>>> print(open('target_39.cif').read())   # mmCIF, C-alpha atoms and all ligand atoms
data_protein
#
loop_
_atom_site.label_atom_id
_atom_site.label_comp_id
_atom_site.auth_asym_id
_atom_site.auth_seq_id
_atom_site.Cartn_x
_atom_site.Cartn_y
_atom_site.Cartn_z
CA MET A 1 -22.29 -9.84 -16.67
CA GLU A 2 -24.05 -6.63 -17.76
CA VAL A 3 -23.56 -5.25 -14.24
CA ALA A 4 -19.82 -5.85 -14.58
CA ILE A 5 -19.70 -3.92 -17.87
CA VAL A 6 -21.17 -0.87 -16.10
CA PHE A 7 -19.37 -1.27 -12.79
CA LEU A 8 -15.79 -2.07 -13.78
CA PRO A 9 -15.09 1.16 -15.76
CA ILE A 10 -16.61 3.18 -12.87
CA ALA A 11 -14.36 1.34 -10.38
CA ALA A 12 -11.31 1.89 -12.62
CA LEU A 13 -12.03 5.62 -13.09
CA THR A 14 -12.65 6.08 -9.36
CA GLY A 15 -9.40 4.17 -8.74
CA PHE A 16 -7.52 6.47 -11.12
CA ALA A 17 -8.82 9.58 -9.30
CA LEU A 18 -8.29 8.16 -5.80
CA GLY A 19 -4.87 6.90 -6.93
CA ALA A 20 -4.01 10.54 -7.64
CA LEU A 21 -4.96 11.37 -4.05
CA VAL A 22 -2.78 8.50 -2.78
CA GLU A 23 0.16 9.74 -4.87
CA LEU A 24 -0.36 13.34 -3.72
CA THR A 25 -0.48 12.26 -0.05
CA ALA A 26 2.63 10.07 -0.52
CA LEU A 27 4.41 13.10 -2.00
CA ARG A 28 3.23 15.71 0.49
CA LEU A 29 3.25 13.80 3.80
CA PRO A 30 7.04 13.19 4.04
CA SER A 31 7.86 16.71 2.76
CA GLY A 32 5.53 18.35 5.27
CA GLN A 33 3.84 20.44 2.55
CA PRO A 34 0.11 21.12 2.90
CA LEU A 35 -1.97 18.68 0.88
CA LEU A 36 -3.65 21.48 -1.08
CA ALA A 37 -0.48 23.43 -1.92
CA ARG A 38 -0.13 24.27 -5.60
CA PRO A 39 1.43 21.33 -7.51
CA ALA A 40 5.05 21.80 -8.55
CA CYS A 41 7.35 19.84 -10.85
CA PRO A 42 9.30 17.33 -8.69
CA VAL A 43 12.47 17.95 -10.76
CA CYS A 44 12.67 21.73 -11.36
CA GLN A 45 10.00 22.94 -8.87
CA ALA A 46 8.23 24.97 -11.58
CA PRO A 47 4.52 25.42 -10.79
CA LEU A 48 2.17 23.03 -12.59
CA PRO A 49 -1.53 23.54 -13.41
CA ARG A 50 -3.90 22.95 -10.47
CA TRP A 51 -5.43 19.83 -12.03
CA SER A 52 -2.09 18.14 -12.76
CA TRP A 53 -2.37 16.14 -9.51
CA LEU A 54 -5.34 14.35 -11.11
CA ILE A 55 -4.05 13.98 -14.66
CA PRO A 56 -0.25 13.54 -14.96
CA ARG A 57 1.22 16.28 -17.11
CA ARG A 58 4.64 16.98 -18.61
CA CYS A 59 6.48 19.97 -17.08
CA ALA A 60 6.53 22.91 -19.52
CA PHE A 61 10.03 23.94 -18.37
CA CYS A 62 12.18 20.82 -17.90
CA ARG A 63 9.95 18.42 -19.90
CA ASN A 64 9.89 15.96 -16.98
CA PHE A 65 6.93 13.58 -17.10
CA PRO A 66 5.70 12.27 -13.71
CA ARG A 67 5.95 8.55 -14.58
CA HIS A 68 5.53 7.44 -10.95
CA GLN A 69 2.26 9.32 -10.69
CA LEU A 70 0.86 7.71 -13.84
CA LEU A 71 2.09 4.29 -12.69
CA SER A 72 0.51 4.63 -9.21
CA GLN A 73 -2.80 5.88 -10.59
CA THR A 74 -2.96 3.13 -13.22
CA ALA A 75 -2.03 0.41 -10.71
CA ILE A 76 -4.73 1.54 -8.27
CA ALA A 77 -7.30 1.80 -11.09
CA VAL A 78 -6.53 -1.81 -12.09
CA LEU A 79 -6.63 -3.02 -8.47
CA LEU A 80 -10.01 -1.39 -7.72
CA ALA A 81 -11.48 -2.79 -10.94
CA ALA A 82 -10.11 -6.20 -9.92
CA ALA A 83 -11.67 -5.86 -6.45
CA TRP A 84 -15.12 -5.03 -7.89
CA TRP A 85 -14.82 -7.79 -10.47
CA ARG A 86 -13.87 -10.31 -7.77
CA PHE A 87 -16.54 -9.29 -5.22
CA LEU A 88 -19.30 -7.97 -7.49
CA ALA A 89 -21.86 -10.22 -5.81
CA ASP A 90 -21.11 -8.65 -2.41
CA PRO A 91 -20.78 -4.85 -2.66
CA LEU A 92 -19.91 -4.45 1.04
CA GLN A 93 -16.95 -6.79 0.60
CA ALA A 94 -15.89 -5.01 -2.59
CA PHE A 95 -16.09 -1.68 -0.75
CA ARG A 96 -14.02 -2.97 2.19
CA VAL A 97 -11.36 -4.43 -0.11
CA SER A 98 -11.23 -1.18 -2.14
CA LEU A 99 -10.71 0.97 0.96
CA SER A 100 -8.05 -1.45 2.24
CA ILE A 101 -6.25 -1.32 -1.12
CA LEU A 102 -6.11 2.50 -0.99
CA PHE A 103 -4.53 2.53 2.48
CA LEU A 104 -2.12 -0.30 1.65
CA ALA A 105 -1.12 1.42 -1.59
CA LEU A 106 -0.39 4.63 0.34
CA ILE A 107 1.75 2.74 2.90
CA ALA A 108 3.55 0.88 0.08
CA ARG A 109 4.16 4.06 -1.95
CA ILE A 110 5.65 6.02 0.97
CA ASP A 111 7.83 3.11 2.13
CA TRP A 112 9.04 2.55 -1.43
CA ALA A 113 10.05 6.19 -1.94
CA HIS A 114 11.16 7.18 1.56
CA HIS A 115 11.77 3.95 3.52
CA LEU A 116 9.33 5.18 6.14
CA ILE A 117 6.09 3.91 7.57
CA TYR A 118 3.95 6.67 9.06
CA LEU A 119 1.67 6.12 12.03
CA VAL A 120 -0.92 8.44 10.40
CA THR A 121 -1.23 5.86 7.60
CA ILE A 122 -1.07 2.63 9.68
CA ILE A 123 -3.34 3.55 12.60
CA PRO A 124 -6.29 4.44 10.29
CA ALA A 125 -5.70 1.21 8.34
CA LEU A 126 -5.76 -0.73 11.61
CA LEU A 127 -8.92 1.00 12.90
CA LEU A 128 -10.56 0.77 9.49
CA GLY A 129 -9.86 -2.96 9.33
CA LEU A 130 -11.45 -3.46 12.73
CA LEU A 131 -14.42 -1.07 12.38
CA LEU A 132 -15.45 -2.10 8.85
CA THR A 133 -15.80 -5.70 10.01
CA LEU A 134 -18.52 -4.50 12.39
CA LEU A 135 -20.62 -3.73 9.29
CA ALA A 136 -20.14 -7.33 8.18
CA SER A 137 -20.63 -9.51 11.26
CA PRO A 138 -19.45 -9.97 14.88
CA ALA A 139 -17.52 -13.06 13.73
CA ALA A 140 -15.64 -10.93 11.18
CA PHE A 141 -14.80 -8.39 13.90
CA LEU A 142 -13.43 -11.19 16.08
CA ALA A 143 -11.38 -12.56 13.16
CA ALA A 144 -9.91 -9.08 12.55
CA LEU A 145 -9.15 -8.57 16.25
CA VAL A 146 -7.40 -11.95 16.60
CA GLY A 147 -5.63 -11.32 13.28
CA SER A 148 -4.24 -7.95 14.40
CA LEU A 149 -3.03 -9.34 17.73
CA ALA A 150 -1.42 -12.34 16.01
CA GLY A 151 0.27 -10.06 13.45
CA ALA A 152 1.67 -7.77 16.15
CA LEU A 153 2.87 -10.71 18.26
CA LEU A 154 4.54 -12.45 15.32
CA PHE A 155 6.43 -9.33 14.26
CA ALA A 156 7.38 -8.44 17.84
CA LEU A 157 8.97 -11.91 17.88
CA PHE A 158 10.84 -11.22 14.59
CA TYR A 159 11.92 -7.88 16.01
CA GLY A 160 13.44 -9.57 19.07
CA LEU A 161 15.05 -12.27 16.93
CA GLY A 162 16.61 -9.65 14.63
CA TRP A 163 18.03 -7.94 17.69
CA LEU A 164 19.58 -11.20 18.93
CA LEU A 165 21.06 -12.13 15.53
CA TYR A 166 22.34 -8.79 14.28
CA ARG A 167 22.52 -6.69 17.45
CA ARG A 168 20.24 -4.24 15.70
CA PRO A 169 16.60 -4.46 14.76
CA ALA A 170 16.07 -6.08 11.35
CA LEU A 171 12.60 -4.52 11.37
CA GLY A 172 11.26 -1.15 12.45
CA SER A 173 8.56 -0.79 15.12
CA GLY A 174 6.38 0.51 12.27
CA ASP A 175 6.56 -3.00 10.81
CA VAL A 176 5.02 -4.43 13.99
CA LEU A 177 2.06 -2.05 13.68
CA LEU A 178 1.86 -2.76 9.96
CA ALA A 179 1.60 -6.49 10.72
CA ALA A 180 -1.20 -5.68 13.19
CA SER A 181 -3.15 -3.77 10.53
CA ILE A 182 -2.54 -6.52 7.97
CA GLY A 183 -4.06 -8.98 10.46
CA ALA A 184 -7.02 -6.64 10.98
CA LEU A 185 -7.64 -6.41 7.22
CA THR A 186 -7.22 -10.08 6.32
CA GLY A 187 -8.39 -11.64 9.59
CA TRP A 188 -6.37 -14.38 11.34
CA GLN A 189 -7.44 -16.90 8.69
CA HIS A 190 -5.40 -15.26 5.94
CA LEU A 191 -2.78 -13.33 7.90
CA LEU A 192 -0.09 -15.92 7.22
CA HIS A 193 -1.04 -16.11 3.55
CA ALA A 194 -0.68 -12.34 3.19
CA LEU A 195 2.65 -12.28 5.04
CA ALA A 196 3.97 -15.28 3.09
CA LEU A 197 3.12 -13.60 -0.23
CA GLY A 198 4.81 -10.35 0.84
CA MET A 199 7.88 -12.07 2.29
CA THR A 200 8.31 -14.27 -0.79
CA ALA A 201 8.20 -11.20 -3.02
CA ALA A 202 10.71 -9.40 -0.75
CA ALA A 203 13.02 -12.45 -0.67
CA LEU A 204 12.94 -12.76 -4.47
CA ALA A 205 13.72 -9.06 -4.80
CA ALA A 206 16.61 -9.37 -2.31
CA VAL A 207 18.11 -12.37 -4.14
CA TRP A 208 17.78 -10.54 -7.44
CA LEU A 209 19.48 -7.42 -6.04
CA LEU A 210 22.28 -9.46 -4.42
CA ALA A 211 22.83 -11.43 -7.62
CA ARG A 212 23.24 -8.15 -9.50
CA ARG A 213 25.54 -6.88 -6.69
CA ARG A 214 23.25 -3.92 -6.23
CA ALA A 215 22.84 -4.52 -2.49
CA SER A 216 24.57 -5.96 0.57
CA ARG A 217 23.13 -8.12 3.37
CA TYR A 218 22.43 -4.94 5.34
CA SER A 219 20.94 -2.83 2.55
CA TYR A 220 17.49 -1.48 3.14
CA LEU A 221 14.69 -3.22 1.33
CA PRO A 222 11.29 -1.44 1.41
CA TYR A 223 9.91 -4.37 3.32
CA GLY A 224 6.65 -2.59 4.16
CA SER A 225 5.92 -2.14 0.45
CA TYR A 226 6.25 -5.88 -0.18
CA LEU A 227 4.08 -6.73 2.83
CA ALA A 228 1.41 -4.26 1.70
CA GLY A 229 1.55 -5.72 -1.82
CA GLY A 230 1.21 -9.27 -0.46
CA THR A 231 -1.80 -8.15 1.58
CA ILE A 232 -3.51 -6.59 -1.44
CA LEU A 233 -3.05 -9.86 -3.35
CA ALA A 234 -4.34 -11.88 -0.38
CA LEU A 235 -7.43 -9.62 -0.09
CA LEU A 236 -8.18 -10.06 -3.79
CA LEU A 237 -7.76 -13.84 -3.55
CA TRP A 238 -9.54 -14.60 -0.26
CA GLY A 239 -11.45 -11.46 0.69
CA PRO A 240 -11.34 -9.39 3.89
CA ALA A 241 -11.77 -10.59 7.48
ZN ZN B 301 10.12 20.68 -14.38
#
>>> encode(input="target_39.cif", output="structure tokens")
Amino acid sequence: MEVAIVFLPIAALTGFALGALVELTALRLPSGQPLLARPACPVCQAPLPRWSWLIPRRCAFCRNFPRHQLLSQTAIAVLLAAAWWRFLADPLQAFRVSLSILFLALIARIDWAHHLIYLVTIIPALLLGLLLTLLASPAAFLAALVGSLAGALLFALFYGLGWLLYRRPALGSGDVLLAASIGALTGWQHLLHALALGMTAAALAAVWLLARRRASRYSYLPYGSYLAGGTILALLLWGPA
């Protein structure tokens, strides 16, 4: 218990700082700006202090407050604290879940804002999922490998089915790779759990949007964000591959 009292605030603070890095990458990657460019207000483009990427700050000119930045950083702080609370007895597992959460949060954040899934975010998540299991055990590596193949196969199937039903892909090819990295992170044992959680959340969101007439059957839902969110929940519940 005493260990938790020391560890959880450290995990939360680290999460808050790394969450800032996730938010900065999610902002800079789609715009093509260098990561270390001077921060600017997203509304009026006025320059902000250097450290404002780490601590959200109100713009001195247009008074805009970066709510999304604060929200992302807080969410990641809570998630990392949850990961260390859940897997305190096994630091390697807590470390693997934390790293997975950071990559999934980045994928979710970019898909949410830009409806895009970047290979530079998925491929590292996929490799990370596979390589980190080598630190755990050969059985874990095998579970991650089978999980990633199963995820890719399942989504390739959905992709084909979407093509048959709608004459256009209901999913992007990025989703197929995302499913592969989800399988690598959760292992085959919990791949379906992670996907089911994400799909349920996406379905509920779609029903809610349709009920409020805010969307049509063909509207874009940031599906990748829901899948990444479902995976984070699955990792916290059942642990990594
Ligand atoms: Zn401004």
>>> residues_near_ligand(input="target_39.cif", ligand="ligand ZN 301 (chain B)", cutoff="7 Å", atoms="only C-alpha atoms and all ligand atoms", output="MDAnalysis selection string")
chainID A and resid 41:46 59:64
>>> residues_around(input="target_39.cif", residues="segment 180-192 of chain A", least_positions_apart="2", cutoff="10 Å", atoms="only C-alpha atoms", output="VMD selection string")
chain A and resid 96 to 97 100 to 101 104 122 to 133 140 to 155 174 to 178 194 to 198 227 to 228 230 to 232 234 to 235 237 to 241
>>> atom_distance(input="target_39.cif", atom1="atom CA of Leu27 of chain A", atom2="atom CA of Leu48 of chain A")
14.7 Å
>>> closest_residue(input="target_39.cif", among="A:Phe7, A:Trp208, A:Phe95, A:Trp51", to="Leu24 of chain A", atoms="only C-alpha atoms")
A:Trp51
>>> axis_aligned_box(input="target_39.cif", around="segment 104-120 of chain A", padding_each_side="8 Å", output="JSON")
{"center_x": 4.8, "center_y": 4.1, "center_z": 5.0, "size_x": 29.9, "size_y": 24.7, "size_z": 30.0}
>>> atom_distance(input="target_39.cif", atom1="atom CA of Ala40 of chain A", atom2="atom CA of Gln69 of chain A")
13.0 Å
>>> atom_distance(input="target_39.cif", atom1="atom CA of Leu102 of chain A", atom2="atom CA of Asp90 of chain A")
18.7 Å
>>> closest_residue(input="target_39.cif", among="A:Ala17, A:Leu106, A:Leu209, A:Ala203", to="Tyr118 of chain A", atoms="all atoms listed in the file")
A:Leu106
>>> residues_around(input="target_39.cif", residues="Ile10 of chain A", least_positions_apart="6", cutoff="10 Å", atoms="all atoms listed in the file", output="list of chain:residue names")
A:Ala4, A:Phe16, A:Ala77, A:Leu80, A:Ala81, A:Trp84
>>> residues_near_point(input="target_39.cif", point="(8.8, 15.5, 4.4)", cutoff="12 Å", atoms="only C-alpha atoms", output="PyMOL selection string")
chain A and resi 25-35+110+113-116+118
>>> closest_residue(input="target_39.cif", among="A:Val3, A:Phe103, A:Leu92, A:Arg109", to="Glu23 of chain A", atoms="only C-alpha atoms")
A:Arg109
>>> closest_residue(input="target_39.cif", among="A:Leu204, A:Ala211, A:Ala75, A:Val120", to="Ala105 of chain A", atoms="all atoms listed in the file")
A:Ala75
